[in-house]
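Colleague: What follows is a single structure, and I will ask about it in a moment.
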Amino acid sequence: MALEQNFKEYSVAEFFKKNKQMLGFSGKTRSLTTIIHEYVTNSLDACEEHNILPNIRVELDEVGDSKYKVVVADNGPGLPLSLIGKALGQMLAGTKFHRHVQQRGQQGIGAAGCTMYAVLTTGKPVHVITGYKNKMVSCDISIDFKTNKPKIENVVESDSDFHGIIIEAEFGDVKFDKGQYGALEYIRRSAIANPHLSISLKTPDGNLVSFTRTVDKLPRKPKEIPPHPLGIKSHDMLEIAHSSRMPKLSQCLTTDLSRFSADKVKQLKDMLPDIDFSIPPKQLTWSQAEELVKAFKRLKWIAPRTDILSPIGKEQITKSLSAILNPEVLSVAERPPKVLHGGIPYQVEAAVAYGGGIKSKGEIMRFANRAPLLFDTAACAITQVAKAIDWKRYNLNGLDNDPLVVLVNVSSTYVPYTGAGKQAISAEEGLVDEIKNAIQEAARGVKNHIRQKKKASEIEKKRKAFLRYVEQLSTDLSYLANEDASVIKTGIQKIIDEKFGGGLNA
Amino acid sequence: MPEKDSKGNEGNKGYNNATEGDKDAYEKLTNMGKRMVGEIKEGMSPTFITAIRSRSNIFVDEKKGFLKLGDKRETRRFLNLSQAKTFMQTIAVANKTKQFIEQGLHTSIRGLYYQLKFTLGEDLDENMFEEQTESNALIEDLEASLAIKREDLHLTTDRKGVLAGPIKIVDRFGGDEITIDGQKQGRSGWMIPSDVDNGMEIESVDANYVLVVEKDALWQRLNEDKFWKKEKAIIITPKGQSSRGTRRLLRKLADLGLPIYCFMDADAWGWYIYWTIKTGSMNLAYLGQDFTVPEARFVGVTMSDIKTYDFLQKLTIKAKDVDIKRANDMMNYPWIKKHEEWVRELKLVLKTKKKLEQDALQGPRLTFVGEYLREKIGNGDVLP
């Protein structure tokens, strides 16, 4: 009895309250970027699922020391009152959990995590206005940390044809930053990776930055397919079995997993005589799940479908990068889909943009399923690969020396991150090669242009090298030969111009 | 005659006293300029042609026995990126020396370097020359290209040689004309100027031969003994390696039919000084015949002298590595190898690993130096 009393039970919300850095709430700038990220990705996913071209408006106001008011409004489908609490006030309750489809967020903690952070740092609830199917609801939401239950207060309902969500909340311990880790950069990169998105940001100093969509078509919807046997781990197997609607384990396997035939079940039975495949899947134990996953690896499987992914697209990247960066030259590469570890489909896209409006040196823009990755730069496979590329082969002087943007987007049903912060892609075998192939393919597209440009500048440099001595040579030669200096000078200039095609700046 | 003043010209009255050498150099410089302007007028890059001075273009004149440049020529174009600056610099040097001739003024190659170093104008963030070695090389290019001597371009070199003996030289300098008598130069002798061609003339010589003495100390010894009077010889010390003026004077004296005897140490340095007088050196092969005296003979000291003069046995010193290496190298030079006497002498050096200094001859008594020379020259006991 005494033991039970001392053994305190933690709710999920309480756990994350103590470990908020796992949700990206570490550091003032990063915390604000995380908040924007969670709301914007939610809005994008919701709009796309309901075939709505997304318009998102973000407003930031400084309301105190390290305290900001954040407004995020979208034109998505909105939420019914019955789901508001789950979506914004309960951890791990979102629609994304247990879904095997390519989506931006993959844990469903996001918006509720923001609610938690707001309550934690200001003591104030999050104010939500949402229009869903001609009903408009306005309410305040907070979280009961002990029970992980949403608290909804001040509910006002009315009729309206408005659809979408407007979230207004105050956050403490955050900071707006215009640098590479800040909210503005996050929004800029979101616009680049989502050419169908129109998004605006009102910064705390009152400026309005807007990015208008360059593509009027929604991206292809990613298809949802059951996970592939080679793409899951023991705990995944356990979750799949426990949430299965099938009466028997054998049926759970053939229905809830991809590429699983009755014949495969038979082979498994031979391999694992101790497991009863007729038990209800809910009775599967951890050790059985472990044995199953181990056995999967010893069988031969047809690779998973790869046509279910939704990359940004070559044309789309070209349009958004041209509009936002206005580079002198741009090349985009879209690699064919590949399979990671035999079971996880993924696809890599890359773009290399040079010169023109690009002023920064060697900016690497990383995306996973179109969501910008701003943090943990050095730990990310994309950064590591981009830095290891021999840029000289493409007539460039290297990332640190050229006005260059390298964009990489990895699309997958299961992006392998290095940590819970989901800001760096792990350097998995195969994936690293694909990232490299993609960047190199894109780099090849700018190679010729840059060579010609450099050649032209070389010629100009040579021409100038000769011209710098013309004055001196003409004067000296004029005295030496007792001839008119201006005649000599004109003559030499003519010879130089003839050699270099009349001169570029002539 | 110059048609107009050049840049920075201090007047061309100096040219009124121009020598033949001045006029020749002046004309060659002008013609080179005219040829280049002609090329420009025809729409071509101006070119500068000079002999290649690298080892691959150095040959021995078998008949006369001196080092000279072969026929390999190098054409430099202004419209060649790697040559543009050098070309411009070459013309700057040419123009500057032309001005020196017009002005009748002389300077050293360092003086020329300073005259040109900062002339490139403020628009250009570089100097005409960063190092003197750059302008030095261009002077040699001009000498080789136009077949003239730098002295003709009014560039002086360091004076080092000293002379005494029965010779009279007319020196026209600074508007004056004086006659130098080699027998009236007292203890210090007459210092040989850097240019013995322009404004200098040998009026008369009453000597049997010329003796070149490596070390100043030995020359002073002989001068004190009035060796030149007793022997009717012109004694010259180059004080080590010969200056251009000394070598040029030796050539002129040889042209008058005087035998040239060289009195050096029997070691690497002594041999080098001798062979530079006789055949020239790799570095200065472009100067050719005018600066070499193939007729010169080596009177001593030699290792073979030890046989004749017993006392020298005790006065040898251990040869250094550089002496051994030099002896080995010399045996491989075709123009040395062909002389049996030299091969024998060098083999003796290699065998005994000893060397001998000319100073050692003062061992028995100070005046022995003169006796030794008289005896050896009298007997024709010399190396070729």
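Going through the structure tokens in order, the chains are called A, B, and so on, while each chain numbers its residues from 1 and the ligands are numbered from 1 in the order shown.
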Write out as a VMD selection string the set of residues from region 1-175 of chain A that DSSP, computed on the backbone, places in helix (DSSP H, G or I).

Modeller: chain A and resid 2 to 6 12 to 18 20 to 23 28 to 49 81 to 89 110 to 122

Colleague: I want to know what sits within 9 Å of Ile273 (chain B), based on only C-alpha atoms, with residues of the same chain fewer than 6 positions away left out; could you give that as a list in words?

Modeller: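 Result of the neighbour search: Glu214, Gly240, Gln241, Ser242 and Met264 of chain B.
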
Colleague: Each residue of chain B with at least one atom at most 10 Å from chain A should appear once, together with its nearest atom pair and the corresponding distance in Å (one decimal); atoms considered: only C-alpha atoms; ordering: chain, then increasing residue number; output as CSV.

Modeller:
residue,atom,partner,partner_atom,distance
B:Pro2,CA,A:Asn482,CA,8.2
B:Glu3,CA,A:Asn482,CA,7.1
B:Lys4,CA,A:Asn482,CA,7.7
B:Asp5,CA,A:Tyr479,CA,8.2
B:Ser6,CA,A:Tyr479,CA,5.8
B:Lys7,CA,A:Tyr479,CA,7.5
B:Tyr26,CA,A:Leu480,CA,9.3
B:Glu27,CA,A:Ala481,CA,9.9
B:Leu29,CA,A:Leu480,CA,6.8
B:Thr30,CA,A:Ala481,CA,5.0
B:Asn31,CA,A:Ala481,CA,6.8
B:Met32,CA,A:Ala481,CA,7.4
B:Gly33,CA,A:Ala481,CA,4.3
B:Lys34,CA,A:Ala481,CA,4.7
B:Arg35,CA,A:Ala481,CA,8.2
B:Met36,CA,A:Leu477,CA,8.1
B:Val37,CA,A:Ile488,CA,6.7
B:Gly38,CA,A:Ile488,CA,9.5
B:Glu39,CA,A:Gly491,CA,9.5
B:Ile40,CA,A:Gly491,CA,5.8
B:Lys41,CA,A:Gly491,CA,6.2
B:Glu42,CA,A:Gly491,CA,8.6
B:Gly43,CA,A:Ile495,CA,5.9
B:Met44,CA,A:Ile495,CA,6.7
B:Ser45,CA,A:Ile495,CA,6.8
B:Pro46,CA,A:Ile492,CA,8.6
B:Phe78,CA,A:Phe466,CA,8.0
B:Leu79,CA,A:Phe466,CA,7.2
B:Asn80,CA,A:Phe466,CA,8.6
B:Leu81,CA,A:Lys462,CA,6.8
B:Ser82,CA,A:Ala465,CA,10.0
B:Gln83,CA,A:Phe466,CA,9.9
B:Ala84,CA,A:Phe466,CA,6.5
B:Lys85,CA,A:Tyr469,CA,7.1
B:Phe87,CA,A:Leu473,CA,8.4
B:Met88,CA,A:Leu473,CA,5.3
B:Gln89,CA,A:Leu473,CA,8.2
B:Thr90,CA,A:Leu473,CA,9.4
B:Ile91,CA,A:Asp476,CA,6.4
B:Ala92,CA,A:Asp476,CA,5.8
B:Val93,CA,A:Asp476,CA,9.0
B:Ala94,CA,A:Leu480,CA,7.4
B:Asn95,CA,A:Leu480,CA,5.3
B:Lys96,CA,A:Asp476,CA,8.4
B:Thr97,CA,A:Leu480,CA,9.7
B:Lys98,CA,A:Leu480,CA,7.2
B:Gln99,CA,A:Leu480,CA,8.9
B:Thr119,CA,A:Gln472,CA,8.7
B:Leu120,CA,A:Gln472,CA,6.8
B:Gly121,CA,A:Gln472,CA,8.3
B:Asp123,CA,A:Arg468,CA,8.8
B:Leu124,CA,A:Arg468,CA,7.3
B:Met128,CA,A:Gln472,CA,9.8

Colleague: So that I can check the surroundings of Asp197 (chain B), please list as an NGL selection string every protein, DNA and RNA residue that reaches within 9 Å of it, counting only C-alpha atoms and ignoring chain neighbours fewer than 6 positions away.

Modeller: :B and (21 or 151-152 or 245 or 248-249)

Colleague: Keeping only all heavy atoms, write the selected residues to a file as a PDB file, in the first residue's frame.

Modeller:
ATOM      1  N   GLY B  21      80.084  54.312 -78.781  1.00  0.00           N
ATOM      2  CA  GLY B  21      79.248  53.333 -78.074  1.00  0.00           C
ATOM      3  C   GLY B  21      77.887  53.915 -77.732  1.00  0.00           C
ATOM      4  O   GLY B  21      76.863  53.258 -77.883  1.00  0.00           O
ATOM      5  N   GLU B 151      77.331  49.033 -70.152  1.00  0.00           N
ATOM      6  CA  GLU B 151      78.120  50.255 -70.027  1.00  0.00           C
ATOM      7  C   GLU B 151      77.724  51.241 -71.129  1.00  0.00           C
ATOM      8  O   GLU B 151      77.730  52.453 -70.910  1.00  0.00           O
ATOM      9  CB  GLU B 151      79.622  49.933 -70.112  1.00  0.00           C
ATOM     10  CG  GLU B 151      80.178  49.190 -68.898  1.00  0.00           C
ATOM     11  CD  GLU B 151      79.863  47.699 -68.888  1.00  0.00           C
ATOM     12  OE1 GLU B 151      79.309  47.200 -69.898  1.00  0.00           O
ATOM     13  OE2 GLU B 151      80.148  47.034 -67.874  1.00  0.00           O
ATOM     14  N   ASP B 152      77.333  50.681 -72.293  1.00  0.00           N
ATOM     15  CA  ASP B 152      76.880  51.544 -73.395  1.00  0.00           C
ATOM     16  C   ASP B 152      75.541  52.203 -73.055  1.00  0.00           C
ATOM     17  O   ASP B 152      75.167  53.214 -73.631  1.00  0.00           O
ATOM     18  CB  ASP B 152      76.735  50.734 -74.685  1.00  0.00           C
ATOM     19  CG  ASP B 152      78.045  50.074 -75.101  1.00  0.00           C
ATOM     20  OD1 ASP B 152      79.102  50.670 -74.820  1.00  0.00           O
ATOM     21  OD2 ASP B 152      77.998  48.969 -75.667  1.00  0.00           O
ATOM     22  N   GLY B 245      84.662  45.687 -65.862  1.00  0.00           N
ATOM     23  CA  GLY B 245      85.643  46.626 -66.399  1.00  0.00           C
ATOM     24  C   GLY B 245      87.011  45.973 -66.544  1.00  0.00           C
ATOM     25  O   GLY B 245      87.704  46.156 -67.558  1.00  0.00           O
ATOM     26  N   ARG B 248      87.018  43.475 -69.409  1.00  0.00           N
ATOM     27  CA  ARG B 248      86.979  44.188 -70.683  1.00  0.00           C
ATOM     28  C   ARG B 248      88.381  44.762 -71.000  1.00  0.00           C
ATOM     29  O   ARG B 248      88.850  44.682 -72.129  1.00  0.00           O
ATOM     30  CB  ARG B 248      85.935  45.306 -70.552  1.00  0.00           C
ATOM     31  CG  ARG B 248      85.605  46.044 -71.792  1.00  0.00           C
ATOM     32  CD  ARG B 248      84.966  45.191 -72.851  1.00  0.00           C
ATOM     33  NE  ARG B 248      85.143  45.875 -74.136  1.00  0.00           N
ATOM     34  CZ  ARG B 248      85.736  45.355 -75.191  1.00  0.00           C
ATOM     35  NH1 ARG B 248      86.169  44.109 -75.164  1.00  0.00           N
ATOM     36  NH2 ARG B 248      85.889  46.060 -76.297  1.00  0.00           N
ATOM     37  N   LEU B 249      89.050  45.280 -69.968  1.00  0.00           N
ATOM     38  CA  LEU B 249      90.383  45.845 -70.165  1.00  0.00           C
ATOM     39  C   LEU B 249      91.379  44.750 -70.557  1.00  0.00           C
ATOM     40  O   LEU B 249      92.211  44.948 -71.448  1.00  0.00           O
ATOM     41  CB  LEU B 249      90.848  46.572 -68.898  1.00  0.00           C
ATOM     42  CG  LEU B 249      92.237  47.233 -68.990  1.00  0.00           C
ATOM     43  CD1 LEU B 249      92.203  48.373 -70.034  1.00  0.00           C
ATOM     44  CD2 LEU B 249      92.701  47.785 -67.649  1.00  0.00           C
TER      45      LEU B 249
END

Colleague: Pick out the closest residue to His228 (chain A) from this set: A:Trp286, A:Phe25, A:Phe296, A:Tyr417. Count only C-alpha atoms.

Modeller: A:Phe296

Colleague: Near Ala118 (chain A), within 12 Å and counting only C-alpha atoms, which residues show up once chain neighbours fewer than 4 positions away are dropped, as an mmCIF file with N, CA and C atoms, in the first residue's frame?

Modeller:
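The result, written out as out.cif:
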data_model
loop_
_atom_site.group_PDB
_atom_site.id
_atom_site.type_symbol
_atom_site.label_atom_id
_atom_site.label_comp_id
_atom_site.auth_asym_id
_atom_site.auth_seq_id
_atom_site.Cartn_x
_atom_site.Cartn_y
_atom_site.Cartn_z
ATOM 1 N N LYS A 17 5.817 18.471 -19.589
ATOM 2 C CA LYS A 17 6.017 19.726 -18.867
ATOM 3 C C LYS A 17 7.439 19.752 -18.308
ATOM 4 N N LYS A 20 10.196 19.781 -21.636
ATOM 5 C CA LYS A 20 9.706 20.557 -22.773
ATOM 6 C C LYS A 20 10.741 20.761 -23.874
ATOM 7 N N PHE A 25 11.140 23.272 -27.145
ATOM 8 C CA PHE A 25 11.082 24.485 -26.316
ATOM 9 C C PHE A 25 12.360 24.631 -25.516
ATOM 10 N N SER A 31 12.136 28.520 -29.218
ATOM 11 C CA SER A 31 10.790 28.259 -28.704
ATOM 12 C C SER A 31 9.741 28.941 -29.572
ATOM 13 N N LEU A 32 10.008 30.210 -29.958
ATOM 14 C CA LEU A 32 9.025 30.918 -30.777
ATOM 15 C C LEU A 32 8.915 30.265 -32.158
ATOM 16 N N ILE A 35 6.808 27.217 -31.947
ATOM 17 C CA ILE A 35 5.369 27.545 -31.859
ATOM 18 C C ILE A 35 4.812 27.806 -33.259
ATOM 19 N N LYS A 67 8.115 38.319 -23.773
ATOM 20 C CA LYS A 67 6.722 37.866 -23.837
ATOM 21 C C LYS A 67 6.094 38.363 -25.140
ATOM 22 N N TYR A 68 5.509 37.458 -25.890
ATOM 23 C CA TYR A 68 4.935 37.822 -27.192
ATOM 24 C C TYR A 68 3.506 37.316 -27.306
ATOM 25 N N LYS A 69 2.713 38.114 -28.021
ATOM 26 C CA LYS A 69 1.381 37.635 -28.402
ATOM 27 C C LYS A 69 1.499 37.085 -29.824
ATOM 28 N N VAL A 70 1.007 35.852 -30.003
ATOM 29 C CA VAL A 70 1.102 35.213 -31.307
ATOM 30 C C VAL A 70 -0.303 34.984 -31.835
ATOM 31 N N LEU A 88 -6.089 20.705 -29.371
ATOM 32 C CA LEU A 88 -5.249 21.765 -28.820
ATOM 33 C C LEU A 88 -4.960 21.622 -27.326
ATOM 34 N N GLY A 89 -5.628 20.638 -26.676
ATOM 35 C CA GLY A 89 -5.448 20.566 -25.231
ATOM 36 C C GLY A 89 -5.117 19.204 -24.685
ATOM 37 N N ALA A 111 0.391 21.229 -31.386
ATOM 38 C CA ALA A 111 -0.434 22.355 -30.956
ATOM 39 C C ALA A 111 -0.730 22.270 -29.463
ATOM 40 N N ALA A 112 -0.951 21.054 -28.959
ATOM 41 C CA ALA A 112 -1.199 20.899 -27.528
ATOM 42 C C ALA A 112 0.042 21.275 -26.735
ATOM 43 N N GLY A 113 1.211 20.966 -27.323
ATOM 44 C CA GLY A 113 2.470 21.345 -26.681
ATOM 45 C C GLY A 113 2.560 22.862 -26.546
ATOM 46 N N CYS A 114 2.061 23.588 -27.570
ATOM 47 C CA CYS A 114 2.082 25.052 -27.526
ATOM 48 C C CYS A 114 1.151 25.548 -26.427
ATOM 49 N N THR A 122 2.855 31.830 -19.070
ATOM 50 C CA THR A 122 2.064 33.046 -18.828
ATOM 51 C C THR A 122 0.891 32.801 -17.887
ATOM 52 N N GLY A 123 0.534 31.538 -17.685
ATOM 53 C CA GLY A 123 -0.617 31.218 -16.855
ATOM 54 C C GLY A 123 -1.941 31.483 -17.552
ATOM 55 N N LYS A 124 -1.852 31.894 -18.825
ATOM 56 C CA LYS A 124 -3.092 32.231 -19.553
ATOM 57 C C LYS A 124 -3.451 31.118 -20.536
ATOM 58 N N PRO A 125 -4.740 30.887 -20.756
ATOM 59 C CA PRO A 125 -5.139 29.884 -21.751
ATOM 60 C C PRO A 125 -4.920 30.404 -23.175
ATOM 61 N N VAL A 126 -5.103 29.518 -24.108
ATOM 62 C CA VAL A 126 -5.006 29.875 -25.529
ATOM 63 C C VAL A 126 -6.415 30.187 -26.029
ATOM 64 N N HIS A 127 -6.538 31.339 -26.725
ATOM 65 C CA HIS A 127 -7.856 31.701 -27.246
ATOM 66 C C HIS A 127 -7.990 31.186 -28.682
ATOM 67 N N ASP A 140 -11.597 29.425 -24.780
ATOM 68 C CA ASP A 140 -10.252 29.424 -24.206
ATOM 69 C C ASP A 140 -9.888 27.998 -23.844
ATOM 70 N N ILE A 141 -8.656 27.622 -24.156
ATOM 71 C CA ILE A 141 -8.228 26.250 -23.886
ATOM 72 C C ILE A 141 -6.971 26.244 -23.030
ATOM 73 N N SER A 142 -6.991 25.365 -22.039
ATOM 74 C CA SER A 142 -5.748 25.093 -21.323
ATOM 75 C C SER A 142 -5.690 23.596 -21.021
ATOM 76 N N ILE A 143 -4.584 23.158 -20.392
ATOM 77 C CA ILE A 143 -4.403 21.728 -20.137
ATOM 78 C C ILE A 143 -4.351 21.481 -18.637
ATOM 79 N N ILE A 167 -5.844 31.278 -33.901
ATOM 80 C CA ILE A 167 -5.339 31.012 -32.562
ATOM 81 C C ILE A 167 -4.664 32.268 -32.045
ATOM 82 N N GLU A 168 -5.034 32.677 -30.854
ATOM 83 C CA GLU A 168 -4.401 33.840 -30.243
ATOM 84 C C GLU A 168 -3.878 33.402 -28.891
ATOM 85 N N ALA A 169 -2.591 33.589 -28.675
ATOM 86 C CA ALA A 169 -2.049 33.144 -27.391
ATOM 87 C C ALA A 169 -0.850 33.995 -27.013
ATOM 88 N N GLU A 170 -0.597 34.072 -25.734
ATOM 89 C CA GLU A 170 0.594 34.767 -25.262
ATOM 90 C C GLU A 170 1.589 33.733 -24.757
ATOM 91 N N PHE A 171 2.836 33.976 -25.103
ATOM 92 C CA PHE A 171 3.892 33.057 -24.669
ATOM 93 C C PHE A 171 4.987 33.839 -23.972
ATOM 94 N N GLY A 172 5.508 33.258 -22.921
ATOM 95 C CA GLY A 172 6.644 33.875 -22.238
ATOM 96 C C GLY A 172 7.912 33.106 -22.590
ATOM 97 N N ASP A 173 9.047 33.702 -22.220
ATOM 98 C CA ASP A 173 10.325 33.030 -22.458
ATOM 99 C C ASP A 173 10.557 32.741 -23.945
ATOM 100 N N VAL A 174 10.124 33.677 -24.799
ATOM 101 C CA VAL A 174 10.357 33.530 -26.241
ATOM 102 C C VAL A 174 10.948 34.825 -26.788
#

Colleague: Which one is closest to Phe48 (chain B): B:Gln103, B:Ser135, B:Ser145, B:Asn283? Count only C-alpha atoms.

Modeller: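 Checking each of B:Gln103, B:Ser135, B:Ser145, B:Asn283 against Phe48 (chain B), counting only C-alpha atoms, the winner is B:Ser145.
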
Colleague: Find the residues near region 327-342 of chain B: any atom within 10 Å, counting only C-alpha atoms, skip ones fewer than 5 places away on the same chain, and give them as a list of chain:residue names.

Modeller: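 Returned residues: B:Val60, B:Asp61, B:Glu62, B:Gly65, B:Phe66, B:Leu67, B:Asp267, B:Ala268, B:Trp271, B:Tyr272, B:Trp275, B:Thr279, B:Phe298, B:Thr302, B:Asp321, B:Val322, B:Lys347, B:Leu348, B:Val349, B:Leu350, B:Val382, B:Leu383, B:Pro384.
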
Colleague: Which is closest to Val205 (chain B) among B:Arg247, B:Lys168, B:Lys68, B:Lys117, if we use only C-alpha atoms?

Modeller: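 Smallest distance to Val205 (chain B) is found for B:Lys168.
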
Colleague: Within region 78-172 of chain A, find each residue whose DSSP state, derived from the backbone, is strand (DSSP E or B), and express the selection as a PyMOL selection string.

Modeller: chain A and resi 126-132+135-144+149-159+164-171

Colleague: Using the selection just defined, write its residues with C-alpha atoms as a CSV table (one decimal), in the first residue's frame.

Modeller:
chain,number,residue,atom,x,y,z
A,126,VAL,CA,-5.0,29.9,-25.5
A,127,HIS,CA,-7.9,31.7,-27.2
A,128,VAL,CA,-9.3,29.9,-30.3
A,129,ILE,CA,-11.8,31.0,-32.8
A,130,THR,CA,-12.7,28.4,-35.4
A,131,GLY,CA,-15.3,28.2,-38.1
A,132,TYR,CA,-16.3,24.7,-39.1
A,135,LYS,CA,-20.6,27.1,-37.1
A,136,MET,CA,-18.2,29.4,-35.4
A,137,VAL,CA,-16.8,28.7,-31.9
A,138,SER,CA,-14.8,30.9,-29.7
A,139,CYS,CA,-13.3,29.5,-26.5
A,140,ASP,CA,-10.3,29.4,-24.2
A,141,ILE,CA,-8.2,26.3,-23.9
A,142,SER,CA,-5.7,25.1,-21.3
A,143,ILE,CA,-4.4,21.7,-20.1
A,144,ASP,CA,-4.8,20.0,-16.8
A,149,LYS,CA,-7.3,16.5,-20.1
A,150,PRO,CA,-8.2,19.7,-22.0
A,151,LYS,CA,-9.9,22.5,-20.1
A,152,ILE,CA,-12.3,24.5,-22.3
A,153,GLU,CA,-13.9,27.7,-21.0
A,154,ASN,CA,-15.8,30.7,-22.2
A,155,VAL,CA,-17.3,28.9,-25.1
A,156,VAL,CA,-19.3,31.2,-27.4
A,157,GLU,CA,-21.1,29.6,-30.5
A,158,SER,CA,-22.6,31.4,-33.4
A,159,ASP,CA,-23.5,30.9,-37.0
A,164,GLY,CA,-10.6,28.1,-40.5
A,165,ILE,CA,-8.8,28.5,-37.2
A,166,ILE,CA,-7.6,31.7,-35.5
A,167,ILE,CA,-5.3,31.0,-32.6
A,168,GLU,CA,-4.4,33.8,-30.2
A,169,ALA,CA,-2.0,33.1,-27.4
A,170,GLU,CA,0.6,34.8,-25.3
A,171,PHE,CA,3.9,33.1,-24.7
